[in-house]
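J.: So that you have it, the file is model_15.cif, and it contains mmCIF, C-alpha atoms, pLDDT in the B column; chains and numbers go by the auth columns:
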data_input
loop_
_atom_site.group_PDB
_atom_site.id
_atom_site.type_symbol
_atom_site.label_atom_id
_atom_site.label_comp_id
_atom_site.label_asym_id
_atom_site.label_seq_id
_atom_site.Cartn_x
_atom_site.Cartn_y
_atom_site.Cartn_z
_atom_site.B_iso_or_equiv
_atom_site.auth_seq_id
_atom_site.auth_asym_id
ATOM 1 C CA MET A 1 -45.130 81.267 10.775 62.00 8 A
ATOM 2 C CA LYS A 2 -45.800 77.693 11.814 58.00 9 A
ATOM 3 C CA LYS A 3 -45.954 76.636 8.179 61.00 10 A
ATOM 4 C CA LYS A 4 -42.593 78.299 7.570 61.00 11 A
ATOM 5 C CA ILE A 5 -41.000 76.487 10.505 61.00 12 A
ATOM 6 C CA LEU A 6 -42.496 73.189 9.344 58.00 13 A
ATOM 7 C CA LEU A 7 -41.160 73.748 5.848 58.00 14 A
ATOM 8 C CA ILE A 8 -37.718 74.545 7.187 58.00 15 A
ATOM 9 C CA GLY A 9 -37.868 71.403 9.302 57.00 16 A
ATOM 10 C CA ILE A 10 -38.823 69.309 6.297 59.00 17 A
ATOM 11 C CA ILE A 11 -35.977 70.814 4.284 58.00 18 A
ATOM 12 C CA ILE A 12 -33.500 70.148 7.105 59.00 19 A
ATOM 13 C CA MET A 13 -34.732 66.563 7.417 66.00 20 A
ATOM 14 C CA GLY A 14 -34.386 66.136 3.685 58.00 21 A
ATOM 15 C CA ILE A 15 -30.832 67.436 3.799 59.00 22 A
ATOM 16 C CA ILE A 16 -29.964 65.145 6.730 57.00 23 A
ATOM 17 C CA THR A 17 -31.598 62.208 4.997 60.00 24 A
ATOM 18 C CA GLY A 18 -29.652 62.967 1.815 57.00 25 A
ATOM 19 C CA ILE A 19 -26.436 63.196 3.744 55.00 26 A
ATOM 20 C CA MET A 20 -27.151 59.902 5.503 62.00 27 A
ATOM 21 C CA LEU A 21 -27.998 58.221 2.221 52.00 28 A
ATOM 22 C CA GLU A 22 -24.783 59.559 0.727 60.00 29 A
ATOM 23 C CA ILE A 23 -22.833 58.275 3.707 53.00 30 A
ATOM 24 C CA ASP A 24 -24.555 54.882 3.445 59.00 31 A
ATOM 25 C CA SER A 25 -23.876 54.799 -0.268 60.00 32 A
ATOM 26 C CA HIS A 26 -20.224 55.644 0.325 58.00 33 A
ATOM 27 C CA ASN A 27 -19.950 53.031 3.075 60.00 34 A
ATOM 28 C CA THR A 28 -21.602 50.433 0.843 68.00 35 A
ATOM 29 C CA LYS A 29 -19.169 51.233 -1.957 67.00 36 A
ATOM 30 C CA GLU A 30 -16.261 51.016 0.460 65.00 37 A
ATOM 31 C CA LYS A 31 -17.510 47.706 1.822 68.00 38 A
ATOM 32 C CA THR A 32 -18.008 46.379 -1.698 70.00 39 A
ATOM 33 C CA LYS A 33 -14.525 47.556 -2.606 69.00 40 A
ATOM 34 C CA ILE A 34 -13.036 45.862 0.473 70.00 41 A
ATOM 35 C CA VAL A 35 -14.957 42.639 -0.236 63.00 42 A
ATOM 36 C CA ASN A 36 -13.845 42.646 -3.860 67.00 43 A
ATOM 37 C CA GLU A 37 -10.244 43.332 -2.866 65.00 44 A
ATOM 38 C CA HIS A 38 -10.438 40.483 -0.310 72.00 45 A
ATOM 39 C CA ASN A 39 -11.881 38.144 -2.943 68.00 46 A
ATOM 40 C CA ASP A 40 -9.164 39.144 -5.383 64.00 47 A
ATOM 41 C CA ILE A 41 -6.526 38.432 -2.750 71.00 48 A
ATOM 42 C CA LYS A 42 -8.083 35.014 -2.037 73.00 49 A
ATOM 43 C CA LYS A 43 -8.188 34.214 -5.768 75.00 50 A
ATOM 44 C CA GLU A 44 -4.549 35.235 -6.119 71.00 51 A
ATOM 45 C CA GLN A 45 -3.588 33.184 -3.081 69.00 52 A
ATOM 46 C CA LYS A 46 -5.424 30.129 -4.488 76.00 53 A
ATOM 47 C CA LYS A 47 -3.705 30.652 -7.825 73.00 54 A
ATOM 48 C CA GLU A 48 -0.307 30.884 -6.148 73.00 55 A
ATOM 49 C CA GLN A 49 -1.056 27.810 -4.006 75.00 56 A
ATOM 50 C CA LYS A 50 -2.071 25.869 -7.120 73.00 57 A
ATOM 51 C CA GLN A 51 1.102 26.952 -8.904 78.00 58 A
ATOM 52 C CA ILE A 52 3.217 25.938 -5.900 70.00 59 A
ATOM 53 C CA LYS A 53 1.424 22.577 -5.719 78.00 60 A
ATOM 54 C CA GLN A 54 1.975 21.974 -9.434 79.00 61 A
ATOM 55 C CA GLU A 55 5.627 22.921 -9.151 82.00 62 A
ATOM 56 C CA ASN A 56 6.051 20.489 -6.253 81.00 63 A
ATOM 57 C CA ILE A 57 4.319 17.768 -8.283 82.00 64 A
ATOM 58 C CA LYS A 58 6.652 18.490 -11.223 84.00 65 A
ATOM 59 C CA LYS A 59 9.646 18.217 -8.889 88.00 66 A
ATOM 60 C CA ASP A 60 8.362 14.908 -7.486 83.00 67 A
ATOM 61 C CA ILE A 61 7.831 13.551 -11.008 85.00 68 A
ATOM 62 C CA ALA A 62 11.297 14.712 -12.089 89.00 69 A
ATOM 63 C CA LYS A 63 12.828 13.055 -9.012 93.00 70 A
ATOM 64 C CA LEU A 64 11.072 9.752 -9.739 88.00 71 A
ATOM 65 C CA GLU A 65 11.995 9.864 -13.434 91.00 72 A
ATOM 66 C CA LYS A 66 15.602 10.525 -12.484 93.00 73 A
ATOM 67 C CA ILE A 67 15.589 7.395 -10.320 92.00 74 A
ATOM 68 C CA LYS A 68 13.979 5.314 -13.053 92.00 75 A
ATOM 69 C CA ASN A 69 16.311 6.592 -15.789 93.00 76 A
ATOM 70 C CA ASP A 70 19.506 6.124 -13.787 95.00 77 A
ATOM 71 C CA LYS A 71 21.775 3.864 -15.820 95.00 78 A
ATOM 72 C CA TYR A 72 22.251 1.580 -12.811 96.00 79 A
ATOM 73 C CA MET A 73 18.501 0.959 -12.799 97.00 80 A
ATOM 74 C CA ILE A 74 18.403 -0.568 -16.281 96.00 81 A
ATOM 75 C CA LEU A 75 15.955 -3.462 -16.406 96.00 82 A
ATOM 76 C CA VAL A 76 17.094 -6.538 -18.321 94.00 83 A
ATOM 77 C CA ASN A 77 14.973 -9.664 -18.588 89.00 84 A
ATOM 78 C CA LYS A 78 13.816 -12.211 -21.135 85.00 85 A
ATOM 79 C CA SER A 79 10.231 -11.014 -21.385 81.00 86 A
ATOM 80 C CA THR A 80 10.171 -7.237 -21.915 82.00 87 A
ATOM 81 C CA HIS A 81 13.660 -5.682 -21.810 87.00 88 A
ATOM 82 C CA LYS A 82 16.508 -7.092 -23.861 89.00 89 A
ATOM 83 C CA LEU A 83 19.977 -5.905 -24.834 93.00 90 A
ATOM 84 C CA ASN A 84 21.614 -6.244 -28.230 91.00 91 A
ATOM 85 C CA LYS A 85 25.148 -7.305 -29.079 91.00 92 A
ATOM 86 C CA ASN A 86 26.289 -3.663 -29.289 91.00 93 A
ATOM 87 C CA ASP A 87 25.315 -2.880 -25.696 91.00 94 A
ATOM 88 C CA ILE A 88 28.725 -2.849 -24.047 92.00 95 A
ATOM 89 C CA PRO A 89 29.296 -1.085 -20.690 92.00 96 A
ATOM 90 C CA ASP A 90 31.950 1.612 -20.342 88.00 97 A
ATOM 91 C CA ASN A 91 34.787 1.491 -17.825 94.00 98 A
ATOM 92 C CA LEU A 92 35.049 -2.249 -17.325 97.00 99 A
ATOM 93 C CA VAL A 93 37.610 -3.153 -14.668 98.00 100 A
ATOM 94 C CA VAL A 94 38.499 -6.222 -12.637 97.00 101 A
ATOM 95 C CA PRO A 95 37.449 -5.655 -9.001 98.00 102 A
ATOM 96 C CA LYS A 96 40.039 -6.426 -6.357 97.00 103 A
ATOM 97 C CA ILE A 97 38.176 -9.323 -4.814 97.00 104 A
ATOM 98 C CA LYS A 98 38.787 -13.048 -4.507 95.00 105 A
ATOM 99 C CA PHE A 99 37.580 -14.941 -7.586 95.00 106 A
ATOM 100 C CA ASN A 100 37.332 -18.644 -8.220 92.00 107 A
ATOM 101 C CA LYS A 101 40.675 -19.679 -9.776 89.00 108 A
ATOM 102 C CA TRP A 102 38.855 -20.909 -12.908 88.00 109 A
ATOM 103 C CA ALA A 103 36.852 -17.708 -13.327 88.00 110 A
ATOM 104 C CA THR A 104 37.267 -15.975 -16.698 87.00 111 A
ATOM 105 C CA ASN A 105 34.447 -13.395 -16.628 92.00 112 A
ATOM 106 C CA THR A 106 35.823 -11.181 -13.878 95.00 113 A
ATOM 107 C CA LYS A 107 35.239 -7.626 -15.112 97.00 114 A
ATOM 108 C CA MET A 108 32.597 -5.243 -13.809 98.00 115 A
ATOM 109 C CA GLU A 109 31.574 -1.668 -14.537 98.00 116 A
ATOM 110 C CA LYS A 110 33.853 0.645 -12.531 98.00 117 A
ATOM 111 C CA VAL A 111 31.305 1.969 -9.988 98.00 118 A
ATOM 112 C CA ALA A 112 29.811 -1.485 -9.411 98.00 119 A
ATOM 113 C CA ALA A 113 33.329 -2.935 -9.073 98.00 120 A
ATOM 114 C CA SER A 114 34.252 -0.380 -6.423 98.00 121 A
ATOM 115 C CA ALA A 115 31.035 -1.141 -4.520 98.00 122 A
ATOM 116 C CA VAL A 116 31.629 -4.891 -4.609 99.00 123 A
ATOM 117 C CA GLU A 117 35.165 -4.389 -3.293 98.00 124 A
ATOM 118 C CA LYS A 118 33.752 -2.543 -0.285 98.00 125 A
ATOM 119 C CA MET A 119 31.151 -5.251 0.266 99.00 126 A
ATOM 120 C CA PHE A 120 33.754 -8.026 0.202 98.00 127 A
ATOM 121 C CA GLU A 121 35.983 -6.065 2.606 98.00 128 A
ATOM 122 C CA ALA A 122 33.099 -5.529 5.037 98.00 129 A
ATOM 123 C CA ALA A 123 32.171 -9.211 4.833 98.00 130 A
ATOM 124 C CA LYS A 124 35.720 -10.251 5.625 97.00 131 A
ATOM 125 C CA LYS A 125 35.715 -8.080 8.743 97.00 132 A
ATOM 126 C CA ASP A 126 32.676 -10.067 9.856 97.00 133 A
ATOM 127 C CA ARG A 127 34.529 -13.327 9.113 96.00 134 A
ATOM 128 C CA ILE A 128 32.534 -13.932 5.936 97.00 135 A
ATOM 129 C CA ASP A 129 34.765 -15.065 3.084 96.00 136 A
ATOM 130 C CA LEU A 130 32.971 -14.457 -0.216 97.00 137 A
ATOM 131 C CA LEU A 131 34.118 -15.725 -3.588 96.00 138 A
ATOM 132 C CA GLY A 132 33.384 -14.234 -7.014 96.00 139 A
ATOM 133 C CA ILE A 133 32.362 -16.683 -9.742 96.00 140 A
ATOM 134 C CA SER A 134 31.168 -14.727 -12.784 95.00 141 A
ATOM 135 C CA ALA A 135 30.702 -11.038 -13.566 97.00 142 A
ATOM 136 C CA TYR A 136 30.489 -9.325 -16.985 96.00 143 A
ATOM 137 C CA ARG A 137 29.619 -11.553 -19.918 94.00 144 A
ATOM 138 C CA ALA A 138 29.556 -10.171 -23.434 94.00 145 A
ATOM 139 C CA TYR A 139 26.655 -10.971 -25.758 94.00 146 A
ATOM 140 C CA ASN A 140 28.693 -13.492 -27.770 93.00 147 A
ATOM 141 C CA VAL A 141 29.808 -15.240 -24.565 91.00 148 A
ATOM 142 C CA GLN A 142 26.167 -15.538 -23.487 92.00 149 A
ATOM 143 C CA VAL A 143 25.408 -17.113 -26.878 92.00 150 A
ATOM 144 C CA GLU A 144 27.997 -19.821 -26.148 90.00 151 A
ATOM 145 C CA VAL A 145 26.739 -20.373 -22.585 88.00 152 A
ATOM 146 C CA PHE A 146 23.145 -20.670 -23.766 90.00 153 A
ATOM 147 C CA GLU A 147 23.965 -23.051 -26.615 93.00 154 A
ATOM 148 C CA GLN A 148 25.894 -25.276 -24.194 91.00 155 A
ATOM 149 C CA GLU A 149 22.877 -25.348 -21.887 89.00 156 A
ATOM 150 C CA ILE A 150 20.621 -26.369 -24.785 93.00 157 A
ATOM 151 C CA GLU A 151 22.929 -29.310 -25.455 90.00 158 A
ATOM 152 C CA VAL A 152 22.792 -30.334 -21.789 88.00 159 A
ATOM 153 C CA LYS A 153 19.027 -29.870 -21.319 86.00 160 A
ATOM 154 C CA GLY A 154 17.973 -31.047 -24.755 87.00 161 A
ATOM 155 C CA SER A 155 15.721 -28.108 -25.651 90.00 162 A
ATOM 156 C CA LYS A 156 15.708 -24.317 -25.778 87.00 163 A
ATOM 157 C CA LYS A 157 12.713 -24.152 -23.452 84.00 164 A
ATOM 158 C CA ARG A 158 14.404 -26.229 -20.755 86.00 165 A
ATOM 159 C CA ALA A 159 17.673 -24.313 -21.216 83.00 166 A
ATOM 160 C CA GLU A 160 15.851 -21.016 -20.536 83.00 167 A
ATOM 161 C CA GLU A 161 14.858 -22.304 -17.106 78.00 168 A
ATOM 162 C CA ALA A 162 18.487 -22.113 -15.981 79.00 169 A
ATOM 163 C CA VAL A 163 20.314 -19.780 -18.371 84.00 170 A
ATOM 164 C CA ALA A 164 19.311 -16.418 -19.838 88.00 171 A
ATOM 165 C CA PRO A 165 19.073 -16.308 -23.638 91.00 172 A
ATOM 166 C CA PRO A 166 21.495 -13.874 -25.352 92.00 173 A
ATOM 167 C CA GLY A 167 20.420 -10.276 -24.718 93.00 174 A
ATOM 168 C CA SER A 168 18.442 -11.274 -21.621 93.00 175 A
ATOM 169 C CA SER A 169 21.329 -11.602 -19.185 93.00 176 A
ATOM 170 C CA GLU A 170 22.095 -8.950 -16.600 94.00 177 A
ATOM 171 C CA HIS A 171 25.715 -10.034 -16.755 96.00 178 A
ATOM 172 C CA GLN A 172 25.952 -8.059 -20.010 96.00 179 A
ATOM 173 C CA THR A 173 25.373 -4.808 -18.086 97.00 180 A
ATOM 174 C CA GLY A 174 28.556 -5.158 -16.021 97.00 181 A
ATOM 175 C CA TYR A 175 26.521 -4.495 -12.858 98.00 182 A
ATOM 176 C CA THR A 176 26.101 -8.123 -11.817 98.00 183 A
ATOM 177 C CA LEU A 177 28.138 -10.691 -9.914 98.00 184 A
ATOM 178 C CA ASP A 178 27.476 -14.348 -9.270 97.00 185 A
ATOM 179 C CA LEU A 179 29.140 -15.231 -5.986 97.00 186 A
ATOM 180 C CA THR A 180 29.392 -17.852 -3.312 95.00 187 A
ATOM 181 C CA CYS A 181 31.730 -18.540 -0.393 92.00 188 A
ATOM 182 C CA VAL A 182 35.233 -20.005 -0.395 88.00 189 A
ATOM 183 C CA ASN A 183 34.127 -23.414 0.886 83.00 190 A
ATOM 184 C CA ARG A 184 31.349 -23.690 -1.732 82.00 191 A
ATOM 185 C CA VAL A 185 32.620 -23.216 -5.288 76.00 192 A
ATOM 186 C CA ASN A 186 29.398 -24.346 -6.978 83.00 193 A
ATOM 187 C CA LEU A 187 26.403 -22.085 -7.591 89.00 194 A
ATOM 188 C CA ASP A 188 23.413 -23.861 -6.105 89.00 195 A
ATOM 189 C CA LYS A 189 20.389 -23.135 -3.932 93.00 196 A
ATOM 190 C CA ASN A 190 22.048 -24.640 -0.844 92.00 197 A
ATOM 191 C CA PHE A 191 24.036 -21.427 -0.638 95.00 198 A
ATOM 192 C CA GLU A 192 20.995 -19.952 1.125 94.00 199 A
ATOM 193 C CA LYS A 193 21.750 -22.197 4.115 94.00 200 A
ATOM 194 C CA THR A 194 25.121 -20.565 4.760 95.00 201 A
ATOM 195 C CA ASP A 195 26.072 -17.727 7.092 96.00 202 A
ATOM 196 C CA ASP A 196 27.521 -16.025 4.029 97.00 203 A
ATOM 197 C CA PHE A 197 24.080 -15.820 2.396 97.00 204 A
ATOM 198 C CA LYS A 198 22.523 -14.579 5.618 98.00 205 A
ATOM 199 C CA TRP A 199 25.161 -11.853 5.829 98.00 206 A
ATOM 200 C CA LEU A 200 24.446 -10.787 2.265 98.00 207 A
ATOM 201 C CA GLN A 201 20.709 -10.487 2.951 98.00 208 A
ATOM 202 C CA GLU A 202 21.422 -8.263 5.919 98.00 209 A
ATOM 203 C CA ASN A 203 24.142 -6.148 4.329 98.00 210 A
ATOM 204 C CA CYS A 204 24.278 -6.227 0.516 98.00 211 A
ATOM 205 C CA TYR A 205 21.984 -3.183 0.130 99.00 212 A
ATOM 206 C CA LYS A 206 24.435 -1.067 2.150 98.00 213 A
ATOM 207 C CA TYR A 207 26.767 -1.312 -0.840 99.00 214 A
ATOM 208 C CA GLY A 208 24.093 -0.863 -3.507 98.00 215 A
ATOM 209 C CA PHE A 209 23.408 -4.539 -4.288 99.00 216 A
ATOM 210 C CA ILE A 210 20.191 -6.531 -4.359 99.00 217 A
ATOM 211 C CA LEU A 211 19.370 -10.209 -4.535 98.00 218 A
ATOM 212 C CA ARG A 212 18.093 -10.003 -8.093 98.00 219 A
ATOM 213 C CA TYR A 213 16.121 -13.258 -8.343 96.00 220 A
ATOM 214 C CA PRO A 214 14.543 -13.906 -4.920 96.00 221 A
ATOM 215 C CA LYS A 215 12.542 -16.920 -3.859 94.00 222 A
ATOM 216 C CA ASP A 216 8.822 -17.048 -4.711 92.00 223 A
ATOM 217 C CA LYS A 217 9.144 -14.260 -7.270 94.00 224 A
ATOM 218 C CA GLU A 218 9.767 -16.426 -10.321 92.00 225 A
ATOM 219 C CA ASP A 219 6.438 -15.420 -11.877 92.00 226 A
ATOM 220 C CA ILE A 220 7.630 -11.801 -11.866 94.00 227 A
ATOM 221 C CA THR A 221 11.313 -12.113 -12.795 92.00 228 A
ATOM 222 C CA LYS A 222 10.772 -15.112 -15.112 89.00 229 A
ATOM 223 C CA TYR A 223 13.958 -16.590 -13.657 90.00 230 A
ATOM 224 C CA GLN A 224 14.452 -19.312 -11.108 90.00 231 A
ATOM 225 C CA TYR A 225 15.526 -18.446 -7.584 94.00 232 A
ATOM 226 C CA GLU A 226 19.248 -17.650 -7.561 96.00 233 A
ATOM 227 C CA PRO A 227 20.661 -16.953 -4.083 97.00 234 A
ATOM 228 C CA TRP A 228 24.061 -16.299 -5.675 97.00 235 A
ATOM 229 C CA HIS A 229 23.082 -13.563 -8.169 97.00 236 A
ATOM 230 C CA TYR A 230 23.622 -9.954 -6.995 98.00 237 A
ATOM 231 C CA ARG A 231 22.951 -6.804 -8.988 98.00 238 A
ATOM 232 C CA TYR A 232 24.184 -3.254 -8.376 99.00 239 A
ATOM 233 C CA VAL A 233 21.438 -0.568 -8.444 98.00 240 A
ATOM 234 C CA GLY A 234 22.849 2.067 -6.046 98.00 241 A
ATOM 235 C CA VAL A 235 22.504 2.316 -2.275 98.00 242 A
ATOM 236 C CA ASP A 236 19.182 4.189 -2.044 97.00 243 A
ATOM 237 C CA ASN A 237 17.426 1.950 -4.554 98.00 244 A
ATOM 238 C CA ALA A 238 18.914 -1.220 -3.072 98.00 245 A
ATOM 239 C CA THR A 239 17.864 -0.189 0.437 98.00 246 A
ATOM 240 C CA TYR A 240 14.235 0.322 -0.598 97.00 247 A
ATOM 241 C CA ILE A 241 14.122 -2.875 -2.664 98.00 248 A
ATOM 242 C CA MET A 242 15.655 -5.133 -0.023 98.00 249 A
ATOM 243 C CA LYS A 243 13.774 -3.590 2.922 97.00 250 A
ATOM 244 C CA ASN A 244 10.461 -4.036 1.088 97.00 251 A
ATOM 245 C CA HIS A 245 11.244 -7.475 -0.352 96.00 252 A
ATOM 246 C CA LEU A 246 10.761 -6.342 -3.954 98.00 253 A
ATOM 247 C CA THR A 247 12.152 -7.368 -7.293 97.00 254 A
ATOM 248 C CA LEU A 248 13.583 -4.765 -9.650 97.00 255 A
ATOM 249 C CA GLU A 249 10.478 -5.209 -11.828 96.00 256 A
ATOM 250 C CA GLU A 250 8.175 -4.440 -8.894 97.00 257 A
ATOM 251 C CA TYR A 251 10.227 -1.421 -7.830 97.00 258 A
ATOM 252 C CA ILE A 252 10.136 0.103 -11.309 96.00 259 A
ATOM 253 C CA GLU A 253 6.398 -0.587 -11.542 95.00 260 A
ATOM 254 C CA LYS A 254 5.891 1.243 -8.236 96.00 261 A
ATOM 255 C CA ILE A 255 7.801 4.234 -9.595 96.00 262 A
ATOM 256 C CA ASP A 256 5.719 4.220 -12.796 92.00 263 A
ATOM 257 C CA ASP A 257 2.489 4.092 -10.761 91.00 264 A
ATOM 258 C CA LYS A 258 3.584 7.024 -8.602 92.00 265 A
ATOM 259 C CA ILE A 259 4.439 9.068 -11.687 89.00 266 A
ATOM 260 C CA GLU A 260 1.038 8.341 -13.282 91.00 267 A
ATOM 261 C CA ASN A 261 -0.831 9.229 -10.072 87.00 268 A
ATOM 262 C CA LEU A 262 1.061 12.501 -9.776 82.00 269 A
ATOM 263 C CA LYS A 263 0.297 13.418 -13.387 84.00 270 A
ATOM 264 C CA LYS A 264 -3.430 12.962 -12.680 82.00 271 A
ATOM 265 C CA LYS A 265 -3.214 15.738 -10.071 79.00 272 A
ATOM 266 C CA PHE A 266 -2.505 18.415 -12.676 70.00 273 A
#
The structure given in the file should be rewritten as structure tokens.
T.:
Amino acid sequence: MKKKILLIGIIIMGIITGIMLEIDSHNTKEKTKIVNEHNDIKKEQKKEQKQIKQENIKKDIAKLEKIKNDKYMILVNKSTHKLNKNDIPDNLVVPKIKFNKWATNTKMEKVAASAVEKMFEAAKKDRIDLLGISAYRAYNVQVEVFEQEIEVKGSKKRAEEAVAPPGSSEHQTGYTLDLTCVNRVNLDKNFEKTDDFKWLQENCYKYGFILRYPKDKEDITKYQYEPWHYRYVGVDNATYIMKNHLTLEEYIEKIDDKIENLKKKF
């Protein structure tokens, strides 16, 4: 009888043990399933986060490339970026501003002309009387100007110190204006001593203009300091350039560097 009871007890224990093992096995499977599902969710989240990050990087790159490729951001210089005789701006108009009475190159591209009109009007309200000297110059006109300078200076090299060779002048874009004030009709470095120049440094960017050839940047622009030479690049670009004391070359280089650094993050 005792043996029978013991046997029954062993059987019952075996059944209980089996049930417990089955429960443990089921729990383990459930835990494993939950862990795997959690890991899958984390992987999916990381994948989505990576996709979102890449999309944001693409948007940032597209934004920077849009700035760089804006037609008002065209870089013209005598070292790396030149125009040809067929590069003629559209929509040339004469801005309604005061020009020197002997001025012949008075046209500007329409948007730049409108901006310069607003700048001159704002200056006048502040009792600053600006005077336009020279705006758009066609390629063939620049040829004449440069050849005249060679005759004066005696060599092409010396002429290039003061005048842009054909194809290297920003005046050909229609976005540029040489200016001074009504009591100074000549373009010279003493313009920087005037209240008019000071006003321009504090306000030109508000209308999309920059001082294109600033002091102590000749090694970058390859042009001498010209306190009278202003170039339209748009308000946002002009604001950044003037606030950070950059040349157009430096600004474009910064944009290129940002684009390259963003591409490395892919």
J.: Which of these, A:Ser175, A:Thr254, A:Thr187, A:Asn268, has the shortest distance to His88 of chain A once you count all atoms listed in the file?
T.: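 When distances to His88 of chain A are compared using all atoms listed in the file, the smallest one comes from A:Ser175.
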J.: Selection in question (the file shown): the PyMOL selection byres ((chain A and resi 195-207) around 9). Which residues does it include, as a VMD selection string?
T.: chain A and resid 126 130 133 135 to 137 187 to 188 191 193 to 194 208 to 212 217 to 218 232 to 235
J.: From the options A:Glu177, A:Leu255, A:His236, A:Lys222, which residue's atoms come nearest to Lys89 of chain A, counting all atoms listed in the file?
T.: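 Nearest candidate to Lys89 of chain A out of A:Glu177, A:Leu255, A:His236, A:Lys222: A:Glu177.
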J.: Report as a list of chain:residue names the full result of the PyMOL selection byres ((chain A and resi 80) around 9) when it is applied to this structure.
T.: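 Applying the expression gives A:Ile74, A:Lys75, A:Asn76, A:Asp77, A:Lys78, A:Tyr79, A:Ile81, A:Leu82, A:Tyr239, A:Val240, A:Gly241, A:Asn244, A:Leu255, A:Ile259.
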J.: Give me a file of those residues, with C-alpha atoms, as a short mmCIF file (atom, residue, chain, number, x, y, z; two decimals), keeping the file's coordinate frame.
T.:
data_model
loop_
_atom_site.label_atom_id
_atom_site.label_comp_id
_atom_site.auth_asym_id
_atom_site.auth_seq_id
_atom_site.Cartn_x
_atom_site.Cartn_y
_atom_site.Cartn_z
CA ILE A 74 15.59 7.40 -10.32
CA LYS A 75 13.98 5.31 -13.05
CA ASN A 76 16.31 6.59 -15.79
CA ASP A 77 19.51 6.12 -13.79
CA LYS A 78 21.78 3.86 -15.82
CA TYR A 79 22.25 1.58 -12.81
CA ILE A 81 18.40 -0.57 -16.28
CA LEU A 82 15.96 -3.46 -16.41
CA TYR A 239 24.18 -3.25 -8.38
CA VAL A 240 21.44 -0.57 -8.44
CA GLY A 241 22.85 2.07 -6.05
CA ASN A 244 17.43 1.95 -4.55
CA LEU A 255 13.58 -4.76 -9.65
CA ILE A 259 10.14 0.10 -11.31
#
J.: If I take atom CA of Asn84 of chain A and atom CA of Pro172 of chain A, how far is one from the other in Å, to one decimal?
T.: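 Interatomic distance, atom CA of Asn84 of chain A to atom CA of Pro172 of chain A: 9.3 Å.
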J.: Need to verify the contact set: Tyr237 of chain A, 9 Å, all atoms listed in the file, exclusion of same-chain residues closer than 6 positions in sequence. Can you return it as a ChimeraX atom specification?
T.: /A:182-186,211,216-220
J.: Quick one: distance from atom CA of Asn251 of chain A to atom CA of Lys125 of chain A in Å, one decimal?
T.: 23.4 Å
J.: Give me, as CSV, the closest atom pair and its distance (Å, one decimal) for every residue of segment 44-112 of chain A within a cut-off of 10 Å of segment 147-169 of chain A, counting only C-alpha atoms, rows sorted by chain and rising number.
T.:
residue,atom,partner,partner_atom,distance
A:Lys85,CA,A:Glu167,CA,9.1
A:Lys92,CA,A:Asn147,CA,7.2
A:Asn112,CA,A:Val148,CA,9.4
J.: Hey, can you check how far atom CA of Ala120 of chain A sits from atom CA of Pro102 of chain A?
T.: 4.9 Å
J.: Can you list, as a list in words, the residues that the PyMOL selection byres ((chain A and resi 141) around 10) selects here?
T.: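 Output from the PyMOL selection byres ((chain A and resi 141) around 10), applied to this file: Phe106, Asn107, Trp109, Ala110, Thr111, Asn112, Thr113, Lys114, Met115, Leu138, Gly139, Ile140, Ala142, Tyr143, Arg144, His178, Thr183, Leu184, Asp185, Leu186 and His236 of chain A.
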J.: Please produce a file of those selected residues containing C-alpha atoms, as a compact mmCIF listing (two decimals), keeping the file's coordinate frame.
T.:
# COMPACT_ATOMS: atom_id res chain seq x y z
CA PHE A 106 37.58 -14.94 -7.59
CA ASN A 107 37.33 -18.64 -8.22
CA TRP A 109 38.85 -20.91 -12.91
CA ALA A 110 36.85 -17.71 -13.33
CA THR A 111 37.27 -15.98 -16.70
CA ASN A 112 34.45 -13.40 -16.63
CA THR A 113 35.82 -11.18 -13.88
CA LYS A 114 35.24 -7.63 -15.11
CA MET A 115 32.60 -5.24 -13.81
CA LEU A 138 34.12 -15.72 -3.59
CA GLY A 139 33.38 -14.23 -7.01
CA ILE A 140 32.36 -16.68 -9.74
CA ALA A 142 30.70 -11.04 -13.57
CA TYR A 143 30.49 -9.32 -16.98
CA ARG A 144 29.62 -11.55 -19.92
CA HIS A 178 25.72 -10.03 -16.76
CA THR A 183 26.10 -8.12 -11.82
CA LEU A 184 28.14 -10.69 -9.91
CA ASP A 185 27.48 -14.35 -9.27
CA LEU A 186 29.14 -15.23 -5.99
CA HIS A 236 23.08 -13.56 -8.17
J.: Counting only C-alpha atoms, which residue out of A:Lys117, A:Lys65, A:Arg134, A:Thr246 sits closest to Val189 of chain A?
T.: A:Arg134
J.: Using only C-alpha atoms for the distances, tell me which of A:Ile68, A:Gln61, A:Gln231, A:Thr180 is nearest to Asp263 of chain A.
T.: A:Ile68
J.: Fix up segment 204-209 of chain A with N, CA and C atoms, then write it as a compact mmCIF listing (two decimals), in the frame of the given file.
T.:
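Okay, rebuild.txt is ready:
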# COMPACT_ATOMS: atom_id res chain seq x y z
N PHE A 204 25.33 -16.28 3.02
CA PHE A 204 24.08 -15.82 2.40
C PHE A 204 23.31 -14.94 3.37
N LYS A 205 23.23 -15.37 4.61
CA LYS A 205 22.52 -14.58 5.62
C LYS A 205 23.15 -13.19 5.75
N TRP A 206 24.47 -13.15 5.73
CA TRP A 206 25.16 -11.85 5.83
C TRP A 206 24.81 -10.97 4.64
N LEU A 207 24.78 -11.55 3.47
CA LEU A 207 24.45 -10.79 2.26
C LEU A 207 23.03 -10.20 2.35
N GLN A 208 22.09 -10.98 2.84
CA GLN A 208 20.71 -10.49 2.95
C GLN A 208 20.60 -9.31 3.92
N GLU A 209 21.46 -9.32 4.91
CA GLU A 209 21.42 -8.26 5.92
C GLU A 209 22.28 -7.06 5.57
